[in-house]
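Engineer: Submitted below is the structure of interest, expressed as structure tokens.
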Amino acid sequence: MLNDQELIKGCVKGERASQEALYSRYCRKMMVICQRYAKSTLEAEDILQEGFIKVFASIKTFRGEARLDTWITRIMINTALNNQRQKLYLLPMVDVADARLHESEDVSLAEFNIKELIAMIQSLPDGARVVFNLFAIEGYNHKEIATMLEISEGTSKSQYSRAKSLLKAKLENVSAYGKFGEAKI
Amino acid sequence: MENSERQRFEENWKSAFENAEQSPSDRVWWSIDTALTNAEGGSMRRKVVFYKRLAAASVVLALALAGSTTFYLLNEKGTELAVANNQQTTTTNNQKETAAENLTTTANNTQENATGQLNRESEVEQSITKSDGNHTQLQLVNNQIALADAEEKSNYTDANQAALFSIFKLNAYDPLAQQYATDLHPKSNVREVTIVRKLPAMPASMMADSRKKKSADKENLWAAVNASTGSFGSTAYNDNSQNFLMSNQVSSFNNLVSASSKVRSKGSAYSVGVNVGTRLAERWVLQGGVSYLSQNLGYTSNFAALDANNSRMAIVSEYTGVKQNIALSPTSPYEINSVNELVSIPVQAGYMFVNRKFGLQLNSGVATDMFIRNTLTDKSGQLSSFSESAGSDSPYNTFSWTAIGGTELSYKIGSQYRISVTPGFRYSLTPMLKSSTESASPFMWDMGFRFRYILK
């Protein structure tokens, strides 16, 4: 099996076999990222497709300073954000009152499979979903998110708070009904 | 407390997605594959358009170079006429004649050869000068100068010296010429001078051999593959008609019918081949190789040949003269595709005008064409194909000669490769058909592509 460097060389030369091998290696991991930012699987696949085309188009610029999967992830996130940006502009995010965090028992995610978690994230409003992904999973702080999305830091915080509140409610809801076999996300 | 809960919350989500994977549907890769293919196709289309334009530009450039070279060669022959033209505004016919007569008379007293030289000069000037009455003073001065020159020339005893002297006729109004006059002829104040300016053989930019040598200079021996396609006009035998008896109607004189095959005026051709080249001098190269050439031409015929099994074959009238034992049968007119296959061995000399990353080369030479076979195919498929190789009973000459020329516009890739477009022409010097005194397809334009591997 070819290593990343060999795949990169092949992709730089435009060899289709190398491009396909690179896609096969990373498409599943990237699909999850795209799904987290998209509203549906179909939309996620569109982002994935667009992202990989960008990867192949700009792979000549990859200098190996970061890991290849990190670099591809960044491209996917940027593609997803560009895809979402229009929606975010159409529905400008405004500060919302901090939802009160439930002081309930800590809900473990271990009892949920990945599809359920993705479905929960996808059910969030556009702005909250993007901020939640960037803050909770990608690890950006609110200042960086504000710059990336061209919103205020306060908006980022409030959107995150909203996302968190909604997710907790869903988790609790699913856990509660899940016991009776009526889990509904 | 809240802070730690938040961190735990985020960590939970982060770790949940740490190594998460989901398979996308196959349509994603298909779409990517299609998009990449389209992108490559677009790039290729742009390249094709680029090469088309490059080819057109190189043809224009070649024509311009040929034109300017011809102009220069013609112009060089007319240098004396051009020099004489410079004097036409200061002299008149009559006065020149007078001066020439005076010169001739004086010169006759000393040297006959010198006189002949001056007479010729006067005749030239007389033939090209025009009347101009506004320069009366200058004309008078010229007369005096002519007389003075004649006297001075009469002192020369050698005819060659007199001839040399005739070159230095100084113009009265030219300060530079006056300077020359003072230096060369201290006795006289004004002289006419004939300043002959030799044009450089080529524009300075093309003569700059002294410029820094680039990597292209390393190209001393190369091998190349080439392919070309083109069209030719068929002019010599548009309609070959003969009256003869068809085989199945020999019993009746009424069946003496006209069998004819008309040829289309335009044909197409393609060739593929390999060649090698070497550099003979700084800018001269020699190239040779071997190519397979296929020429395609359409006919309309109203008769067919009968083979031993009495089945009908497509045929044209070129064969009726040489194939004595061939049996013919009339048919309704049908379309024939005639393909001539040849092996061509070209030898060309080339001159490299530009020899850098981009190269521009003009090639010219001859090719020996060896006829392989002619195949006649009925386009409708109703008649069998007819094929004839070279030989004594073939209407085609085994060998023919062709002049070839063209431009090679190239681009060097790396240190070992060079790709070129090669617009060119072929002109048949000897006919391909034995029965013809001139070539059936004298002129062929083609556009080729060459990939060169530089050996050293």
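Residues are referred to by chain and number: the chain letter is A, B, ... according to the order shown in the structure tokens, the number counts from 1 in that chain, and ligands are numbered separately from 1 in the order shown.
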Write out as a ChimeraX atom specification the residues lying within 12 Å of Gln122 of chain A, counting only C-alpha atoms and excluding same-chain residues fewer than 6 positions away.

Structural biologist: /A:32-41,43-44,115-116,128-130,132-133,163,166-167,170,185

Engineer: So that I can check the surroundings of segment 8-23 of chain B, please list as a ChimeraX atom specification every protein, DNA and RNA residue that reaches within 12 Å of it, counting only C-alpha atoms and ignoring chain neighbours fewer than 6 positions away.

Structural biologist: /A:23-36,41,44-45,48,101,105-118,120-121,132-140,160-161,163-165,167-168,171 /B:1-2,29

Engineer: Nearest to Val421 of chain B: which of B:Pro333, B:Gly67, B:Gly277, B:Gly448 is it, counting only C-alpha atoms?

Structural biologist: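 Of B:Pro333, B:Gly67, B:Gly277, B:Gly448, the one nearest Val421 of chain B is B:Gly448, counting only C-alpha atoms.
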
Engineer: What does the distance between atom CA of Trp222 of chain B and atom CA of Val272 of chain B come to in Å, to one decimal place?

Structural biologist: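 That distance, rounded to one decimal, is 17.3 Å.
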
Engineer: When DSSP works through the backbone of this structure, what residues of chain A end up as helix (DSSP H, G or I), shown as number ranges by chain?

Structural biologist: A: 4-12, 16-37, 41-61, 68-90, 114-122, 126-138, 142-149, 153-178

Engineer: Would you output that residue set with C-alpha atoms, as a compact mmCIF listing (two decimals), in the first residue's frame?

Structural biologist:
```txt
# COMPACT_ATOMS: atom_id res chain seq x y z
CA ASP A 4 0.82 9.41 1.96
CA GLN A 5 3.93 10.85 0.33
CA GLU A 6 3.69 8.49 -2.62
CA LEU A 7 0.01 9.24 -2.98
CA ILE A 8 0.72 12.95 -2.93
CA LYS A 9 3.36 12.56 -5.65
CA GLY A 10 0.92 10.63 -7.80
CA CYS A 11 -1.80 13.21 -7.24
CA VAL A 12 0.57 16.03 -8.13
CA ARG A 16 -6.13 9.07 -11.38
CA ALA A 17 -5.18 5.89 -9.52
CA SER A 18 -3.39 7.91 -6.83
CA GLN A 19 -6.30 10.32 -6.59
CA GLU A 20 -8.71 7.46 -6.13
CA ALA A 21 -6.48 5.83 -3.52
CA LEU A 22 -6.22 9.09 -1.58
CA TYR A 23 -9.96 9.53 -1.73
CA SER A 24 -10.56 5.97 -0.57
CA ARG A 25 -8.20 6.44 2.35
CA TYR A 26 -9.78 9.60 3.73
CA CYS A 27 -13.31 9.82 2.38
CA ARG A 28 -14.98 8.07 5.35
CA LYS A 29 -13.33 10.26 7.95
CA MET A 30 -14.09 13.38 5.95
CA MET A 31 -17.66 12.27 5.39
CA VAL A 32 -18.31 12.49 9.12
CA ILE A 33 -16.94 16.02 9.23
CA CYS A 34 -19.11 17.04 6.29
CA GLN A 35 -22.15 15.44 7.90
CA ARG A 36 -21.62 17.43 11.08
CA TYR A 37 -21.74 20.69 9.14
CA THR A 41 -26.36 13.34 4.04
CA LEU A 42 -26.95 14.52 0.50
CA GLU A 43 -25.65 17.96 1.34
CA ALA A 44 -22.69 16.37 3.16
CA GLU A 45 -21.80 14.40 0.04
CA ASP A 46 -21.88 17.57 -2.02
CA ILE A 47 -19.47 19.20 0.42
CA LEU A 48 -17.27 16.09 0.37
CA GLN A 49 -17.17 16.11 -3.43
CA GLU A 50 -16.36 19.80 -3.64
CA GLY A 51 -13.77 19.45 -0.91
CA PHE A 52 -11.90 16.62 -2.61
CA ILE A 53 -11.88 18.45 -5.94
CA LYS A 54 -10.22 21.33 -4.09
CA VAL A 55 -7.79 18.92 -2.50
CA PHE A 56 -6.69 17.55 -5.88
CA ALA A 57 -6.55 21.00 -7.39
CA SER A 58 -4.35 22.40 -4.65
CA ILE A 59 -2.32 19.39 -3.61
CA LYS A 60 0.73 20.90 -5.30
CA THR A 61 0.70 23.50 -2.54
CA LEU A 68 -2.18 15.19 5.30
CA ASP A 69 -5.45 14.35 7.05
CA THR A 70 -5.24 17.61 9.03
CA TRP A 71 -4.76 19.54 5.82
CA ILE A 72 -7.65 17.78 4.12
CA THR A 73 -9.83 18.33 7.20
CA ARG A 74 -9.13 22.06 7.03
CA ILE A 75 -10.16 22.12 3.38
CA MET A 76 -13.34 20.23 4.18
CA ILE A 77 -14.23 22.60 7.01
CA ASN A 78 -13.57 25.64 4.82
CA THR A 79 -15.67 24.14 2.06
CA ALA A 80 -18.45 23.42 4.52
CA LEU A 81 -18.27 26.93 5.94
CA ASN A 82 -18.39 28.43 2.45
CA ASN A 83 -21.35 26.24 1.79
CA GLN A 84 -23.03 27.40 4.98
CA ARG A 85 -21.95 31.01 4.72
CA GLN A 86 -24.75 31.93 2.37
CA LYS A 87 -27.26 30.49 4.80
CA LEU A 88 -25.60 32.27 7.68
CA TYR A 89 -25.81 35.56 5.84
CA LEU A 90 -29.43 34.97 4.97
CA ILE A 114 -22.30 7.91 15.51
CA LYS A 115 -25.34 8.16 13.25
CA GLU A 116 -27.47 9.26 16.17
CA LEU A 117 -24.96 11.87 17.23
CA ILE A 118 -24.73 13.19 13.70
CA ALA A 119 -28.49 13.32 13.46
CA MET A 120 -28.60 15.34 16.69
CA ILE A 121 -26.09 17.85 15.37
CA GLN A 122 -27.87 18.08 12.03
CA ASP A 126 -27.63 26.41 11.02
CA GLY A 127 -25.79 29.01 13.08
CA ALA A 128 -25.76 26.98 16.27
CA ARG A 129 -24.63 23.87 14.42
CA VAL A 130 -21.65 25.59 12.85
CA VAL A 131 -20.53 27.25 16.06
CA PHE A 132 -20.97 24.04 18.03
CA ASN A 133 -18.80 22.12 15.55
CA LEU A 134 -16.09 24.73 15.54
CA PHE A 135 -16.04 25.23 19.31
CA ALA A 136 -16.75 21.81 20.78
CA ILE A 137 -15.23 19.47 18.21
CA GLU A 138 -12.65 21.40 16.17
CA HIS A 142 -14.97 32.09 20.24
CA LYS A 143 -12.63 34.84 19.05
CA GLU A 144 -11.39 32.66 16.19
CA ILE A 145 -14.90 31.58 15.35
CA ALA A 146 -16.06 35.20 15.32
CA THR A 147 -13.31 36.03 12.84
CA MET A 148 -14.00 33.01 10.69
CA LEU A 149 -17.72 33.60 10.49
CA GLU A 153 -17.65 37.00 19.77
CA GLY A 154 -20.85 37.40 21.80
CA THR A 155 -22.90 35.95 18.98
CA SER A 156 -20.58 32.98 18.81
CA LYS A 157 -20.92 32.39 22.54
CA SER A 158 -24.68 32.68 22.56
CA GLN A 159 -25.03 30.40 19.50
CA TYR A 160 -22.85 27.84 21.20
CA SER A 161 -24.85 28.11 24.36
CA ARG A 162 -28.01 27.55 22.41
CA ALA A 163 -26.56 24.56 20.62
CA LYS A 164 -25.41 23.05 23.87
CA SER A 165 -28.77 23.56 25.49
CA LEU A 166 -30.61 21.98 22.58
CA LEU A 167 -28.26 19.04 22.44
CA LYS A 168 -28.52 18.38 26.15
CA ALA A 169 -32.26 18.45 25.89
CA LYS A 170 -32.17 16.00 23.01
CA LEU A 171 -29.75 13.70 24.80
CA GLU A 172 -31.87 13.67 27.90
CA ASN A 173 -34.99 13.17 25.85
CA VAL A 174 -33.50 10.28 23.93
CA SER A 175 -32.12 8.72 27.09
CA ALA A 176 -35.44 9.01 28.84
CA TYR A 177 -37.54 7.65 26.00
CA GLY A 178 -34.80 5.28 24.94
```

Engineer: Considering only C-alpha atoms, state which residue in the set A:Ser152, A:Ser123, A:Ala66, A:Gly14 is at the smallest distance from chain B.

Structural biologist: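 Among A:Ser152, A:Ser123, A:Ala66, A:Gly14, it is A:Gly14 that comes nearest to chain B.
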
Engineer: Just list as a PyMOL selection string whatever in segment 274-357 of chain B DSSP marks as strand (DSSP E).

Structural biologist: chain B and resi 274-279+284-306+312-314+327-355
